[in-house]
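Peer 1: Structure file coords02.txt, compact mmCIF, C-alpha atoms, is pasted below:
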# COMPACT_ATOMS: atom_id res chain seq x y z
CA MET A 1 -84.13 19.32 22.30
CA THR A 2 -87.89 18.97 22.67
CA GLU A 3 -89.55 16.28 24.74
CA THR A 4 -91.05 14.75 21.62
CA SER A 5 -87.79 14.50 19.72
CA ARG A 6 -86.00 13.24 22.80
CA GLY A 7 -88.58 10.46 23.02
CA PHE A 8 -87.90 9.35 19.44
CA ARG A 9 -84.15 9.28 19.97
CA GLU A 10 -84.35 7.38 23.27
CA ARG A 11 -85.63 4.38 21.29
CA PRO A 12 -83.41 3.10 18.45
CA VAL A 13 -84.73 4.05 15.03
CA SER A 14 -85.74 1.27 12.65
CA PHE A 15 -82.91 1.89 10.20
CA VAL A 16 -79.18 2.41 9.92
CA ARG A 17 -78.50 5.17 7.45
CA ARG A 18 -75.63 3.96 5.31
CA SER A 19 -73.65 6.38 3.18
CA GLY A 20 -73.99 4.57 -0.14
CA ARG A 21 -72.92 6.54 -3.19
CA MET A 22 -75.44 7.52 -5.81
CA SER A 23 -74.89 6.92 -9.50
CA GLU A 24 -74.48 9.89 -11.85
CA ALA A 25 -78.08 9.44 -13.00
CA GLN A 26 -79.28 9.45 -9.40
CA GLU A 27 -77.23 12.54 -8.63
CA ARG A 28 -78.81 14.30 -11.61
CA ALA A 29 -82.27 13.16 -10.54
CA TRP A 30 -81.70 14.50 -7.05
CA SER A 31 -80.59 17.85 -8.44
CA ASP A 32 -83.17 18.18 -11.22
CA LEU A 33 -86.26 16.46 -9.81
CA SER A 34 -86.13 17.23 -6.08
CA PRO A 35 -87.88 20.59 -6.50
CA ARG A 36 -90.81 18.77 -8.13
CA TYR A 37 -91.11 15.67 -5.97
CA LEU A 38 -89.29 16.12 -2.65
CA ILE A 39 -91.05 17.81 0.26
CA PRO A 40 -88.59 20.08 2.09
CA VAL A 41 -88.71 19.66 5.86
CA GLU A 42 -87.25 21.42 8.85
CA ARG A 43 -84.99 19.15 10.90
CA ASP A 44 -84.88 18.72 14.65
CA VAL A 45 -82.03 16.84 16.34
CA ALA A 46 -80.97 14.44 13.60
CA ALA A 47 -80.45 14.42 9.84
CA THR A 48 -83.68 12.45 9.31
CA SER A 49 -85.75 14.11 12.04
CA ILE A 50 -88.63 16.54 11.59
CA LEU A 51 -89.07 19.63 13.71
CA PRO A 52 -92.33 19.47 15.70
CA GLY A 53 -94.78 22.02 14.37
CA SER A 54 -93.65 21.57 10.75
CA THR A 55 -97.03 20.24 9.60
CA ILE A 56 -97.86 20.52 5.90
CA ASP A 57 -101.23 20.91 4.19
CA PRO A 58 -101.56 17.87 1.86
CA ALA A 59 -104.09 19.68 -0.34
CA GLU A 60 -101.62 22.51 -0.84
CA THR A 61 -98.70 20.12 -1.37
CA PHE A 62 -100.52 18.09 -4.04
CA GLY A 63 -102.64 20.90 -5.42
CA ARG A 64 -105.95 19.16 -4.73
CA ASP A 65 -108.05 17.29 -2.17
CA ALA A 66 -107.72 13.53 -2.69
CA ARG A 67 -107.21 10.28 -0.82
CA LEU A 68 -103.73 10.17 0.69
CA ILE A 69 -101.73 6.94 0.79
CA VAL A 70 -98.39 6.84 2.60
CA GLU A 71 -95.78 4.15 2.03
CA ILE A 72 -93.20 3.82 4.80
CA GLY A 73 -89.87 2.45 3.65
CA SER A 74 -90.51 2.89 -0.07
CA GLY A 75 -87.04 1.63 -1.02
CA GLN A 76 -86.38 2.00 -4.76
CA GLY A 77 -89.98 3.09 -5.23
CA HIS A 78 -91.19 0.19 -7.36
CA ALA A 79 -94.40 -0.36 -5.41
CA ILE A 80 -95.42 3.26 -4.95
CA VAL A 81 -94.58 4.41 -8.48
CA HIS A 82 -96.68 1.57 -9.86
CA ALA A 83 -99.50 2.36 -7.43
CA ALA A 84 -99.47 6.09 -8.21
CA GLY A 85 -99.59 5.38 -11.93
CA SER A 86 -102.43 2.89 -11.48
CA ASP A 87 -104.55 5.17 -9.25
CA PRO A 88 -104.36 8.77 -10.50
CA ASP A 89 -107.32 9.80 -8.34
CA ALA A 90 -105.30 9.26 -5.13
CA ASP A 91 -102.21 11.05 -3.85
CA PHE A 92 -99.16 9.10 -2.67
CA LEU A 93 -96.35 9.95 -0.26
CA ALA A 94 -93.16 7.88 -0.20
CA VAL A 95 -91.20 7.94 3.08
CA GLU A 96 -87.60 6.76 2.91
CA VAL A 97 -84.26 7.57 4.55
CA PHE A 98 -81.98 6.27 1.79
CA ARG A 99 -81.28 9.03 -0.70
CA ALA A 100 -80.33 6.70 -3.57
CA GLY A 101 -83.72 5.00 -3.31
CA LEU A 102 -85.51 8.34 -3.35
CA ALA A 103 -83.51 9.42 -6.40
CA ARG A 104 -84.44 6.21 -8.23
CA THR A 105 -88.09 6.77 -7.28
CA MET A 106 -88.01 10.28 -8.73
CA LEU A 107 -86.38 9.03 -11.94
CA ASP A 108 -89.02 6.35 -12.47
CA ALA A 109 -91.88 8.69 -11.57
CA ASP A 110 -90.62 11.32 -14.01
CA ARG A 111 -90.25 8.78 -16.81
CA ALA A 112 -93.82 7.61 -16.18
CA GLY A 113 -95.16 11.18 -16.10
CA ILE A 114 -96.53 10.77 -12.58
CA ASP A 115 -97.72 13.91 -10.79
CA ASN A 116 -99.61 12.43 -7.83
CA LEU A 117 -96.50 11.36 -5.90
CA ARG A 118 -94.34 13.22 -3.41
CA LEU A 119 -91.36 12.04 -1.36
CA VAL A 120 -89.95 12.85 2.04
CA GLU A 121 -86.52 11.94 3.40
CA ALA A 122 -87.20 11.35 7.08
CA ASN A 123 -87.81 8.98 9.98
CA ALA A 124 -91.30 7.57 9.41
CA PRO A 125 -92.81 8.00 12.90
CA GLU A 126 -91.86 11.67 12.83
CA VAL A 127 -93.49 12.07 9.41
CA LEU A 128 -96.73 10.66 10.79
CA GLN A 129 -96.61 12.68 13.98
CA HIS A 130 -95.14 16.02 12.91
CA LEU A 131 -95.39 16.44 9.13
CA LEU A 132 -98.89 15.15 8.37
CA PRO A 133 -102.04 16.56 9.97
CA ALA A 134 -103.91 14.28 12.35
CA GLY A 135 -106.54 12.22 10.56
CA SER A 136 -105.28 13.16 7.10
CA VAL A 137 -104.11 9.74 5.84
CA ASP A 138 -106.39 7.17 4.20
CA GLU A 139 -103.92 4.29 4.08
CA ILE A 140 -100.46 3.53 5.48
CA TRP A 141 -98.43 0.84 3.72
CA ILE A 142 -95.45 -0.89 5.31
CA PHE A 143 -94.19 -3.60 2.99
CA PHE A 144 -91.18 -5.73 3.94
CA PRO A 145 -89.67 -3.50 6.61
CA ASP A 146 -86.23 -4.43 7.89
CA PRO A 147 -86.84 -7.55 10.06
CA TRP A 148 -83.81 -6.96 12.27
CA HIS A 149 -83.71 -10.71 12.64
CA LYS A 150 -80.82 -10.96 15.09
CA LYS A 151 -82.15 -11.13 18.61
CA ARG A 152 -80.04 -8.21 19.83
CA HIS A 153 -81.47 -6.04 17.06
CA THR A 154 -85.20 -6.80 17.28
CA LYS A 155 -85.68 -3.68 19.43
CA ARG A 156 -85.18 -1.72 16.20
CA ARG A 157 -88.28 -3.15 14.54
CA LEU A 158 -90.74 -0.49 13.46
CA ILE A 159 -93.89 -2.42 14.35
CA ALA A 160 -93.66 -2.35 18.13
CA PRO A 161 -96.14 -1.19 20.80
CA GLU A 162 -95.03 2.44 20.41
CA PHE A 163 -96.04 2.57 16.75
CA PRO A 164 -99.83 1.93 16.59
CA PRO A 165 -100.84 5.11 18.48
CA ILE A 166 -98.76 7.18 16.06
CA ALA A 167 -100.32 5.47 13.04
CA ALA A 168 -103.82 5.77 14.52
CA ALA A 169 -103.42 9.51 15.02
CA ALA A 170 -102.37 10.03 11.40
CA LEU A 171 -105.12 7.86 9.90
CA ARG A 172 -108.63 9.09 9.36
CA PRO A 173 -111.41 7.11 11.09
CA GLY A 174 -111.89 4.01 8.94
CA GLY A 175 -108.42 4.36 7.44
CA VAL A 176 -106.33 1.27 6.73
CA LEU A 177 -102.89 0.05 7.80
CA ARG A 178 -101.43 -2.57 5.44
CA LEU A 179 -98.43 -4.67 6.45
CA ALA A 180 -96.43 -7.35 4.67
CA THR A 181 -93.28 -9.29 5.55
CA ASP A 182 -91.49 -12.46 4.51
CA TRP A 183 -90.02 -12.96 7.99
CA GLU A 184 -92.27 -15.30 9.99
CA ASP A 185 -91.42 -14.23 13.54
CA TYR A 186 -91.79 -10.55 12.58
CA ALA A 187 -95.17 -11.35 11.03
CA VAL A 188 -96.26 -12.90 14.32
CA GLN A 189 -94.94 -9.90 16.25
CA MET A 190 -96.78 -7.51 13.93
CA ARG A 191 -100.02 -9.39 14.47
CA GLU A 192 -99.59 -9.51 18.24
CA VAL A 193 -98.78 -5.80 18.42
CA MET A 194 -101.69 -4.75 16.22
CA ASP A 195 -104.21 -7.12 17.82
CA ALA A 196 -103.38 -5.56 21.18
CA ALA A 197 -103.43 -1.98 19.90
CA SER A 198 -106.22 0.32 20.95
CA GLY A 199 -108.06 1.92 18.05
CA PHE A 200 -107.46 -0.79 15.44
CA THR A 201 -109.57 -3.75 14.31
CA ARG A 202 -108.56 -6.69 12.12
CA ASP A 203 -109.77 -6.34 8.54
CA PHE A 204 -109.26 -10.00 7.65
CA ASP A 205 -110.50 -13.44 8.62
CA GLY A 206 -108.31 -16.32 9.69
CA ASP A 207 -104.65 -16.11 10.60
CA TRP A 208 -103.46 -13.82 7.81
CA ALA A 209 -104.89 -11.34 5.33
CA CYS A 210 -105.00 -12.13 1.62
CA ARG A 211 -102.19 -10.65 -0.43
CA PHE A 212 -102.93 -7.00 -1.15
CA GLU A 213 -103.71 -6.81 -4.86
CA GLY A 214 -102.51 -3.22 -5.03
CA ARG A 215 -98.93 -4.26 -4.19
CA VAL A 216 -96.91 -4.83 -7.32
CA LEU A 217 -94.78 -7.98 -7.21
CA THR A 218 -91.22 -6.73 -6.77
CA ALA A 219 -87.90 -8.52 -7.14
CA PHE A 220 -87.57 -8.39 -3.36
CA GLU A 221 -90.83 -10.27 -2.83
CA ARG A 222 -89.94 -12.79 -5.55
CA LYS A 223 -86.62 -13.45 -3.87
CA GLY A 224 -88.30 -14.14 -0.52
CA ALA A 225 -90.72 -16.58 -2.12
CA ARG A 226 -87.90 -18.23 -4.09
CA VAL A 227 -85.95 -19.09 -0.95
CA GLY A 228 -89.07 -20.57 0.64
CA ARG A 229 -90.29 -17.77 2.87
CA ASP A 230 -94.04 -17.35 3.26
CA ILE A 231 -95.25 -13.85 2.47
CA ARG A 232 -97.55 -12.69 5.27
CA ASP A 233 -100.02 -9.84 4.84
CA LEU A 234 -101.95 -8.10 7.60
CA THR A 235 -104.65 -5.43 7.30
CA TYR A 236 -106.04 -3.34 10.15
CA ARG A 237 -108.70 -0.66 10.08
CA ARG A 238 -108.64 2.39 12.27
CA ASP A 239 -111.76 2.42 14.45
CA ALA A 240 -114.39 4.95 13.49
CA GLU A 241 -115.23 6.26 16.93
CA THR A 242 -113.78 9.53 18.11
CA ARG A 243 -110.58 9.12 20.13
CA THR A 244 -110.00 11.01 23.31
Turn this file's structure into structure tokens for me.
Peer 2:
Amino acid sequence: MTETSRGFRERPVSFVRRSGRMSEAQERAWSDLSPRYLIPVERDVAATSILPGSTIDPAETFGRDARLIVEIGSGQGHAIVHAAGSDPDADFLAVEVFRAGLARTMLDADRAGIDNLRLVEANAPEVLQHLLPAGSVDEIWIFFPDPWHKKRHTKRRLIAPEFPPIAAAALRPGGVLRLATDWEDYAVQMREVMDAASGFTRDFDGDWACRFEGRVLTAFERKGARVGRDIRDLTYRRDAETRT
């Protein structure tokens, strides 16, 4: 076990990988569409880990040089499939650990004829640190991550002090980190963590950012609003100066 992978596994990951069954359509999508959409990765110590040194070349993966937008926790893929279809000049990478969600994403992308989207089944921090070259990402999106709302589980939250340096290393200077949640205390934690993070600057005025227009309104977001939860957006820009 390497020092880097040991470090990831010392801290609880931000997900519990449940063994939900896929539908027949999802099974077919996984079999038929994975070669087109899914990036194969070498594993380290866990089923969702990435072996250090397994860095890809995004231009080779997508077949061109273009802006790269990464969505962490893409779920069923509604947001990223819509975004990829709406912005064909950019490339999109969906990061998810739940295979059924990835299969649904591939199905919808195929039906829409989308070619500027790839998927990876892996733990997000390891994708940013080991799979993607430093400074290669233009935007990172994290929309409605698991809030782990029970007090004993909050240590699993993705947006914690350990995360900003990993995101900063993956982002190009001037790149953007977009966050959204419908869980108020997690929104406050996100803001506190990012305000204190070296290498990032707020890209909004006031207490919260305006809703990101590029985020399609999903059933999940509608449900949060319907039960009275405020949707909180945050936007941070990676500082332009060279990091040492």
Peer 1: Pick the closest to A:Asn116 from A:Leu131, A:Pro161, A:Arg64, A:Ile140: which is it, counting all atoms listed in the file?
Peer 2: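 Smallest distance to A:Asn116 is found for A:Arg64.
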Peer 1: Please determine, counting only C-alpha atoms, which residue among A:Arg28, A:Leu68, A:Ile114, A:His130 has the shortest atom-to-atom distance to A:Ser49.
Peer 2: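 The answer is A:His130, which sits nearest to A:Ser49.
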Peer 1: Would you pick out the contacts of A:Trp208 at 8 Å or less, using all atoms listed in the file, so that residues sharing its chain but fewer than 4 positions from it are not included, and give the list as a ChimeraX atom specification?
Peer 2: /A:204,232-234
Peer 1: Given the selection you just returned, output its residues as a file containing C-alpha atoms, formatted as a PDB file, keeping the file's coordinate frame.
Peer 2:
ATOM      1  CA  PHE A 204    -109.260 -10.000   7.650  1.00  0.00           C
ATOM      2  CA  ARG A 232     -97.550 -12.690   5.270  1.00  0.00           C
ATOM      3  CA  ASP A 233    -100.020  -9.840   4.840  1.00  0.00           C
ATOM      4  CA  LEU A 234    -101.950  -8.100   7.600  1.00  0.00           C
TER       5      LEU A 234
END
Peer 1: Using all atoms listed in the file, can you tell me which of A:Asp230, A:Asp91, A:Glu27, A:Asp32 comes closest to A:Asp65?
Peer 2: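 Closest to A:Asp65, using all atoms listed in the file: A:Asp91.
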Peer 1: Can you list, as a PyMOL selection string, every protein, DNA or RNA residue that comes within 8 Å of A:Leu38 when you count all atoms listed in the file, leaving out same-chain residues fewer than 2 positions away?
Peer 2: chain A and resi 33-36+40+118-121
Peer 1: Around the point (-100.4, 5.2, 23.5) (coordinates from the file), which residues reach within 12 Å if we count only C-alpha atoms? Answer as a list in words.
Peer 2: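 With a cut-off of 12 Å, the residues come to Ala160, Pro161, Glu162, Phe163, Pro164, Pro165, Ile166, Ala167, Ala168, Ala169, Ala196, Ala197, Ser198, Gly199, Arg243 and Thr244 of chain A.
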Peer 1: Measuring between all atoms listed in the file, which one of A:Pro145, A:Pro125, A:Gly85, A:Pro173 shows the shortest distance to A:Arg237?
Peer 2: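 Nearest candidate to A:Arg237 out of A:Pro145, A:Pro125, A:Gly85, A:Pro173: A:Pro173.
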Peer 1: Excluding A:Asn123 and any residue of its chain fewer than 4 positions from it, enumerate the residues within 8 Å of it, using only C-alpha atoms, and give them as a list of chain:residue names.
Peer 2: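 Contacts, in chain order: A:Val13, A:Thr48, A:Ser49, A:Ile50, A:Val95, A:Glu96, A:Val97, A:Val127.
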Peer 1: Do you have the atom CA of A:Arg104-atom CA of A:Gln26 distance handy?
Peer 2: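 Separating atom CA of A:Arg104 from atom CA of A:Gln26 is a distance of 6.2 Å.
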Peer 1: Pick out the closest residue to A:Ala209 from this set: A:Arg178, A:Met22, A:Pro147, A:Ala46. Count only C-alpha atoms.
Peer 2: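 Distance minimum relative to A:Ala209 lands on A:Arg178.
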Peer 1: Could you give me stretch 46-72 of chain A completed to N, CA, C and O atoms, formatted as an mmCIF file, in the coordinates of the input?
Peer 2:
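Contents of the output file result02.cif:
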data_model
loop_
_atom_site.group_PDB
_atom_site.id
_atom_site.type_symbol
_atom_site.label_atom_id
_atom_site.label_comp_id
_atom_site.auth_asym_id
_atom_site.auth_seq_id
_atom_site.Cartn_x
_atom_site.Cartn_y
_atom_site.Cartn_z
ATOM 1 N N ALA A 46 -81.714 15.400 14.417
ATOM 2 C CA ALA A 46 -80.970 14.440 13.600
ATOM 3 C C ALA A 46 -81.227 14.727 12.133
ATOM 4 O O ALA A 46 -82.175 15.429 11.770
ATOM 5 N N ALA A 47 -80.373 14.159 11.278
ATOM 6 C CA ALA A 47 -80.450 14.420 9.840
ATOM 7 C C ALA A 47 -81.772 13.960 9.238
ATOM 8 O O ALA A 47 -82.209 14.496 8.219
ATOM 9 N N THR A 48 -82.410 12.949 9.841
ATOM 10 C CA THR A 48 -83.680 12.450 9.310
ATOM 11 C C THR A 48 -84.866 12.819 10.193
ATOM 12 O O THR A 48 -85.952 12.282 10.027
ATOM 13 N N SER A 49 -84.667 13.718 11.140
ATOM 14 C CA SER A 49 -85.750 14.110 12.040
ATOM 15 C C SER A 49 -86.607 15.206 11.409
ATOM 16 O O SER A 49 -86.248 15.781 10.371
ATOM 17 N N ILE A 50 -87.743 15.468 12.025
ATOM 18 C CA ILE A 50 -88.630 16.540 11.590
ATOM 19 C C ILE A 50 -88.958 17.410 12.792
ATOM 20 O O ILE A 50 -89.346 16.903 13.857
ATOM 21 N N LEU A 51 -88.814 18.692 12.622
ATOM 22 C CA LEU A 51 -89.070 19.630 13.710
ATOM 23 C C LEU A 51 -90.551 19.623 14.053
ATOM 24 O O LEU A 51 -91.400 19.805 13.169
ATOM 25 N N PRO A 52 -90.912 19.382 15.319
ATOM 26 C CA PRO A 52 -92.330 19.470 15.700
ATOM 27 C C PRO A 52 -92.907 20.825 15.307
ATOM 28 O O PRO A 52 -92.246 21.864 15.406
ATOM 29 N N GLY A 53 -94.142 20.793 14.820
ATOM 30 C CA GLY A 53 -94.780 22.020 14.370
ATOM 31 C C GLY A 53 -94.578 22.307 12.900
ATOM 32 O O GLY A 53 -95.014 23.350 12.406
ATOM 33 N N SER A 54 -93.929 21.361 12.175
ATOM 34 C CA SER A 54 -93.650 21.570 10.750
ATOM 35 C C SER A 54 -94.725 20.953 9.856
ATOM 36 O O SER A 54 -94.443 20.492 8.749
ATOM 37 N N THR A 55 -95.945 20.927 10.312
ATOM 38 C CA THR A 55 -97.030 20.240 9.600
ATOM 39 C C THR A 55 -97.313 20.885 8.244
ATOM 40 O O THR A 55 -97.373 22.105 8.130
ATOM 41 N N ILE A 56 -97.509 20.049 7.238
ATOM 42 C CA ILE A 56 -97.860 20.520 5.900
ATOM 43 C C ILE A 56 -99.366 20.409 5.689
ATOM 44 O O ILE A 56 -100.077 19.740 6.442
ATOM 45 N N ASP A 57 -99.847 21.053 4.644
ATOM 46 C CA ASP A 57 -101.230 20.910 4.190
ATOM 47 C C ASP A 57 -101.193 20.025 2.948
ATOM 48 O O ASP A 57 -100.717 20.455 1.894
ATOM 49 N N PRO A 58 -101.643 18.759 3.029
ATOM 50 C CA PRO A 58 -101.560 17.870 1.860
ATOM 51 C C PRO A 58 -102.249 18.443 0.629
ATOM 52 O O PRO A 58 -101.748 18.284 -0.493
ATOM 53 N N ALA A 59 -103.385 19.118 0.809
ATOM 54 C CA ALA A 59 -104.090 19.680 -0.340
ATOM 55 C C ALA A 59 -103.230 20.741 -1.039
ATOM 56 O O ALA A 59 -103.198 20.836 -2.267
ATOM 57 N N GLU A 60 -102.511 21.508 -0.262
ATOM 58 C CA GLU A 60 -101.620 22.510 -0.840
ATOM 59 C C GLU A 60 -100.409 21.856 -1.485
ATOM 60 O O GLU A 60 -99.961 22.265 -2.575
ATOM 61 N N THR A 61 -99.882 20.820 -0.846
ATOM 62 C CA THR A 61 -98.700 20.120 -1.370
ATOM 63 C C THR A 61 -99.003 19.458 -2.708
ATOM 64 O O THR A 61 -98.199 19.523 -3.645
ATOM 65 N N PHE A 62 -100.163 18.816 -2.827
ATOM 66 C CA PHE A 62 -100.520 18.090 -4.040
ATOM 67 C C PHE A 62 -101.355 18.912 -5.011
ATOM 68 O O PHE A 62 -101.603 18.483 -6.141
ATOM 69 N N GLY A 63 -101.834 20.049 -4.554
ATOM 70 C CA GLY A 63 -102.640 20.900 -5.420
ATOM 71 C C GLY A 63 -104.066 20.457 -5.581
ATOM 72 O O GLY A 63 -104.769 20.897 -6.509
ATOM 73 N N ARG A 64 -104.557 19.619 -4.659
ATOM 74 C CA ARG A 64 -105.950 19.160 -4.730
ATOM 75 C C ARG A 64 -106.300 18.417 -3.453
ATOM 76 O O ARG A 64 -105.426 18.068 -2.656
ATOM 77 N N ASP A 65 -107.582 18.151 -3.256
ATOM 78 C CA ASP A 65 -108.050 17.290 -2.170
ATOM 79 C C ASP A 65 -108.263 15.895 -2.752
ATOM 80 O O ASP A 65 -109.028 15.726 -3.706
ATOM 81 N N ALA A 66 -107.593 14.903 -2.195
ATOM 82 C CA ALA A 66 -107.720 13.530 -2.690
ATOM 83 C C ALA A 66 -107.336 12.577 -1.572
ATOM 84 O O ALA A 66 -106.773 12.971 -0.550
ATOM 85 N N ARG A 67 -107.657 11.300 -1.772
ATOM 86 C CA ARG A 67 -107.210 10.280 -0.820
ATOM 87 C C ARG A 67 -105.692 10.318 -0.732
ATOM 88 O O ARG A 67 -105.004 10.489 -1.743
ATOM 89 N N LEU A 68 -105.173 10.134 0.483
ATOM 90 C CA LEU A 68 -103.730 10.170 0.690
ATOM 91 C C LEU A 68 -103.244 8.813 1.185
ATOM 92 O O LEU A 68 -103.714 8.311 2.213
ATOM 93 N N ILE A 69 -102.312 8.234 0.448
ATOM 94 C CA ILE A 69 -101.730 6.940 0.790
ATOM 95 C C ILE A 69 -100.238 7.145 1.048
ATOM 96 O O ILE A 69 -99.533 7.739 0.228
ATOM 97 N N VAL A 70 -99.778 6.656 2.183
ATOM 98 C CA VAL A 70 -98.390 6.840 2.600
ATOM 99 C C VAL A 70 -97.701 5.477 2.641
ATOM 100 O O VAL A 70 -98.187 4.559 3.306
ATOM 101 N N GLU A 71 -96.583 5.368 1.925
ATOM 102 C CA GLU A 71 -95.780 4.150 2.030
ATOM 103 C C GLU A 71 -94.542 4.444 2.855
ATOM 104 O O GLU A 71 -93.743 5.324 2.523
ATOM 105 N N ILE A 72 -94.370 3.696 3.926
ATOM 106 C CA ILE A 72 -93.200 3.820 4.800
ATOM 107 C C ILE A 72 -92.146 2.820 4.360
ATOM 108 O O ILE A 72 -92.420 1.628 4.242
#
